[in-house]
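For reference, upload_19.cif is printed below; it contains mmCIF, C-alpha atoms.
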data_data
loop_
_atom_site.group_PDB
_atom_site.id
_atom_site.type_symbol
_atom_site.label_atom_id
_atom_site.label_comp_id
_atom_site.auth_asym_id
_atom_site.auth_seq_id
_atom_site.Cartn_x
_atom_site.Cartn_y
_atom_site.Cartn_z
ATOM 1 C CA MET A 1 144.673 61.900 113.244
ATOM 2 C CA MET A 2 144.765 60.755 109.638
ATOM 3 C CA LEU A 3 141.528 61.082 107.657
ATOM 4 C CA GLY A 4 141.109 59.961 104.051
ATOM 5 C CA LEU A 5 138.080 60.289 101.782
ATOM 6 C CA ALA A 6 137.285 59.002 98.278
ATOM 7 C CA ILE A 7 134.193 58.939 96.034
ATOM 8 C CA LEU A 8 134.095 55.703 94.019
ATOM 9 C CA SER A 9 131.823 54.116 91.480
ATOM 10 C CA CYS A 10 129.540 51.535 93.032
ATOM 11 C CA ALA A 11 131.268 48.864 90.940
ATOM 12 C CA LEU A 12 134.515 49.520 92.848
ATOM 13 C CA ALA A 13 132.850 49.136 96.243
ATOM 14 C CA ALA A 14 131.155 45.748 96.023
ATOM 15 C CA GLY A 15 128.382 45.282 98.552
ATOM 16 C CA THR A 16 128.093 48.988 99.367
ATOM 17 C CA CYS A 17 125.502 50.165 96.868
ATOM 18 C CA HIS A 18 121.947 48.887 96.893
ATOM 19 C CA ALA A 19 119.315 48.608 94.174
ATOM 20 C CA ALA A 20 117.867 52.002 93.223
ATOM 21 C CA ALA A 21 114.199 52.561 93.970
ATOM 22 C CA ASP A 22 114.080 55.496 91.551
ATOM 23 C CA PRO A 23 115.232 55.068 87.914
ATOM 24 C CA GLY A 24 116.574 58.648 87.992
ATOM 25 C CA GLU A 25 118.845 57.884 90.943
ATOM 26 C CA THR A 26 122.611 58.148 90.550
ATOM 27 C CA SER A 27 124.663 56.368 93.226
ATOM 28 C CA TYR A 28 128.290 56.339 94.300
ATOM 29 C CA ALA A 29 130.235 54.887 97.191
ATOM 30 C CA VAL A 30 132.040 57.099 99.706
ATOM 31 C CA ARG A 31 135.021 55.411 101.352
ATOM 32 C CA VAL A 32 136.453 56.844 104.560
ATOM 33 C CA GLN A 33 139.763 55.941 106.165
ATOM 34 C CA ALA A 34 140.159 56.977 109.792
ATOM 35 C CA PRO A 35 141.430 55.486 113.026
ATOM 36 C CA ALA A 36 139.349 52.567 114.315
ATOM 37 C CA GLY A 37 136.543 53.817 116.540
ATOM 38 C CA ALA A 38 136.331 57.274 114.938
ATOM 39 C CA LEU A 39 132.989 58.938 114.234
ATOM 40 C CA VAL A 40 133.128 60.805 110.927
ATOM 41 C CA ARG A 41 130.530 63.399 109.929
ATOM 42 C CA LEU A 42 129.997 63.295 106.156
ATOM 43 C CA SER A 43 128.301 66.123 104.280
ATOM 44 C CA ALA A 44 127.221 66.362 100.634
ATOM 45 C CA LEU A 45 128.101 69.882 99.458
ATOM 46 C CA ASP A 46 127.324 71.940 96.341
ATOM 47 C CA VAL A 47 124.265 69.805 95.476
ATOM 48 C CA PRO A 48 122.688 71.346 92.352
ATOM 49 C CA ARG A 49 119.179 72.755 92.447
ATOM 50 C CA GLY A 50 116.607 70.078 91.688
ATOM 51 C CA TRP A 51 118.592 67.213 93.262
ATOM 52 C CA THR A 52 118.525 65.607 96.706
ATOM 53 C CA ALA A 53 121.690 63.937 97.986
ATOM 54 C CA SER A 54 121.410 61.241 100.658
ATOM 55 C CA PHE A 55 123.799 58.885 102.414
ATOM 56 C CA CYS A 56 122.141 55.452 102.461
ATOM 57 C CA THR A 57 122.412 52.113 104.221
ATOM 58 C CA PRO A 58 120.206 49.137 103.274
ATOM 59 C CA HIS A 59 117.690 50.366 105.864
ATOM 60 C CA VAL A 60 117.628 54.176 105.868
ATOM 61 C CA CYS A 61 118.786 57.250 103.930
ATOM 62 C CA SER A 62 119.960 60.454 105.583
ATOM 63 C CA PRO A 63 119.639 63.600 103.435
ATOM 64 C CA LEU A 64 122.768 65.743 103.046
ATOM 65 C CA HIS A 65 124.753 64.468 106.041
ATOM 66 C CA VAL A 66 125.380 61.455 108.257
ATOM 67 C CA VAL A 67 127.645 60.380 111.108
ATOM 68 C CA LEU A 68 129.535 57.265 110.008
ATOM 69 C CA PRO A 69 131.247 55.041 112.585
ATOM 70 C CA VAL A 70 134.617 53.710 111.423
ATOM 71 C CA ARG A 71 135.139 50.412 113.200
ATOM 72 C CA ASP A 72 138.220 48.886 111.527
ATOM 73 C CA GLY A 73 140.097 51.813 110.003
ATOM 74 C CA SER A 74 137.814 52.182 106.981
ATOM 75 C CA ALA A 75 134.096 52.370 106.237
ATOM 76 C CA THR A 76 132.032 52.783 103.076
ATOM 77 C CA ILE A 77 128.528 54.184 102.557
ATOM 78 C CA GLN A 78 126.333 54.768 99.507
ATOM 79 C CA LEU A 79 125.747 58.341 98.347
ATOM 80 C CA SER A 80 122.649 58.699 96.148
ATOM 81 C CA TYR A 81 121.463 61.671 94.111
ATOM 82 C CA VAL A 82 117.780 61.731 93.127
ATOM 83 C CA ARG A 83 116.069 64.318 90.923
ATOM 84 C CA SER A 84 113.648 66.250 93.102
ATOM 85 C CA GLY A 85 112.399 68.735 90.536
ATOM 86 C CA ALA A 86 111.483 68.912 86.870
ATOM 87 C CA GLY A 87 113.941 71.753 86.304
ATOM 88 C CA ALA A 88 116.918 69.940 87.809
ATOM 89 C CA ARG A 89 120.255 71.186 86.559
ATOM 90 C CA PRO A 90 122.618 68.530 85.199
ATOM 91 C CA LEU A 91 124.580 66.666 87.840
ATOM 92 C CA ARG A 92 128.168 67.418 86.800
ATOM 93 C CA SER A 93 130.264 66.947 89.936
ATOM 94 C CA LEU A 94 130.085 65.580 93.462
ATOM 95 C CA HIS A 95 131.583 67.166 96.571
ATOM 96 C CA VAL A 96 131.770 65.446 99.946
ATOM 97 C CA ALA A 97 133.380 66.736 103.152
ATOM 98 C CA ALA A 98 134.407 64.617 106.123
ATOM 99 C CA ARG A 99 135.068 65.901 109.635
ATOM 100 C CA THR A 100 136.156 64.425 112.916
ATOM 101 C CA ALA A 101 137.047 66.283 116.096
ATOM 102 C CA ALA A 102 140.667 66.485 114.920
ATOM 103 C CA ALA A 103 140.681 66.348 111.104
ATOM 104 C CA HIS A 104 138.946 67.434 107.900
ATOM 105 C CA ALA A 105 139.027 66.021 104.354
ATOM 106 C CA ASP A 106 137.296 66.847 101.061
ATOM 107 C CA ALA A 107 136.720 64.741 97.958
ATOM 108 C CA ARG A 108 135.425 65.787 94.554
ATOM 109 C CA ARG A 109 134.511 63.731 91.529
ATOM 110 C CA ARG A 110 133.261 64.621 88.064
ATOM 111 C CA VAL A 111 130.134 62.806 86.938
ATOM 112 C CA THR A 112 130.600 60.900 83.713
ATOM 113 C CA ARG A 113 127.683 59.366 81.850
#
As a first step, turn the structure in this file into structure tokens.
Amino acid sequence: MMLGLAILSCALAAGTCHAAADPGETSYAVRVQAPAGALVRLSALDVPRGWTASFCTPHVCSPLHVVLPVRDGSATIQLSYVRSGAGARPLRSLHVAARTAAAHADARRRVTR
């Protein structure tokens, strides 16, 4: 089973990212490529102290991990980081892991501001 994973800017994934409720929120799009019908478990890893990472749809956010159904060979979901403490360390990089029953993929991205 082929599994691909990429972390994109929201501008490159039109329609995926939603308006931020928190001005301190930083959002990205996570794009998954997998066989149609696959269920992919996504996990945000190495989240710095003072931040909360959540995978979000227009209706609900799931902290740290989510199961994403891939209907047509690819799916995209918003990944948001929100400061959860006054002493939050700088957000310098993102790390997301994807798993299915038969495959594993990792993606990393440096944060540029």
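Interatomic distance, CA of Ile7 (chain A) to CA of Val30 (chain A): 4.6 Å.
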Evaluating the PyMOL selection byres ((chain A and resi 44-54) around 12) on the displayed file yields which residues, as a PyMOL selection string? chain A and resi 7+24-30+41-43+55-57+60-66+77-99+106-109
Given the choices A:Cys10, A:Met2, A:Val32, A:Val111, which gets closest to Ala75 (chain A) if the distance is worked out from only C-alpha atoms?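 That would be A:Val32, the residue with the smallest distance to Ala75 (chain A).
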Nearest residue to Leu5 (chain A) from the set A:Val70, A:Ala101, A:Leu39, A:Ala34 (distances using all atoms listed in the file):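 Among the listed residues, the smallest separation from Leu5 (chain A) belongs to A:Ala34.
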Length of the CA of Cys17 (chain A) to CA of Pro58 (chain A) vector [Å]: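 CA of Pro58 (chain A) lies 8.4 Å from CA of Cys17 (chain A).
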Just how far from CA of Ala6 (chain A) is CA of Arg110 (chain A), in Å to one decimal?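 Atom-to-atom, CA of Arg110 (chain A) and CA of Ala6 (chain A) are spaced 12.3 Å apart.
Comparing the minimum interatomic distances between Gln33 (chain A) and each of A:Ala19, A:Ala11, A:Ala105, A:Val67, counting only C-alpha atoms, we find that A:Ala105 sits nearest.
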Give me the residues within 12 Å of Pro35 (chain A) as a PDB file with C-alpha atoms, keeping the file's coordinate frame, counting all atoms listed in the file and dropping any in the same chain fewer than 2 places off.
ATOM      1  CA  MET A   1     144.673  61.900 113.244  1.00  0.00           C
ATOM      2  CA  MET A   2     144.765  60.755 109.638  1.00  0.00           C
ATOM      3  CA  LEU A   3     141.528  61.082 107.657  1.00  0.00           C
ATOM      4  CA  GLY A   4     141.109  59.961 104.051  1.00  0.00           C
ATOM      5  CA  VAL A  32     136.453  56.844 104.560  1.00  0.00           C
ATOM      6  CA  GLN A  33     139.763  55.941 106.165  1.00  0.00           C
ATOM      7  CA  GLY A  37     136.543  53.817 116.540  1.00  0.00           C
ATOM      8  CA  ALA A  38     136.331  57.274 114.938  1.00  0.00           C
ATOM      9  CA  LEU A  39     132.989  58.938 114.234  1.00  0.00           C
ATOM     10  CA  VAL A  40     133.128  60.805 110.927  1.00  0.00           C
ATOM     11  CA  PRO A  69     131.247  55.041 112.585  1.00  0.00           C
ATOM     12  CA  VAL A  70     134.617  53.710 111.423  1.00  0.00           C
ATOM     13  CA  ARG A  71     135.139  50.412 113.200  1.00  0.00           C
ATOM     14  CA  ASP A  72     138.220  48.886 111.527  1.00  0.00           C
ATOM     15  CA  GLY A  73     140.097  51.813 110.003  1.00  0.00           C
ATOM     16  CA  SER A  74     137.814  52.182 106.981  1.00  0.00           C
ATOM     17  CA  ALA A  75     134.096  52.370 106.237  1.00  0.00           C
ATOM     18  CA  THR A 100     136.156  64.425 112.916  1.00  0.00           C
ATOM     19  CA  ALA A 102     140.667  66.485 114.920  1.00  0.00           C
ATOM     20  CA  ALA A 103     140.681  66.348 111.104  1.00  0.00           C
TER      21      ALA A 103
END
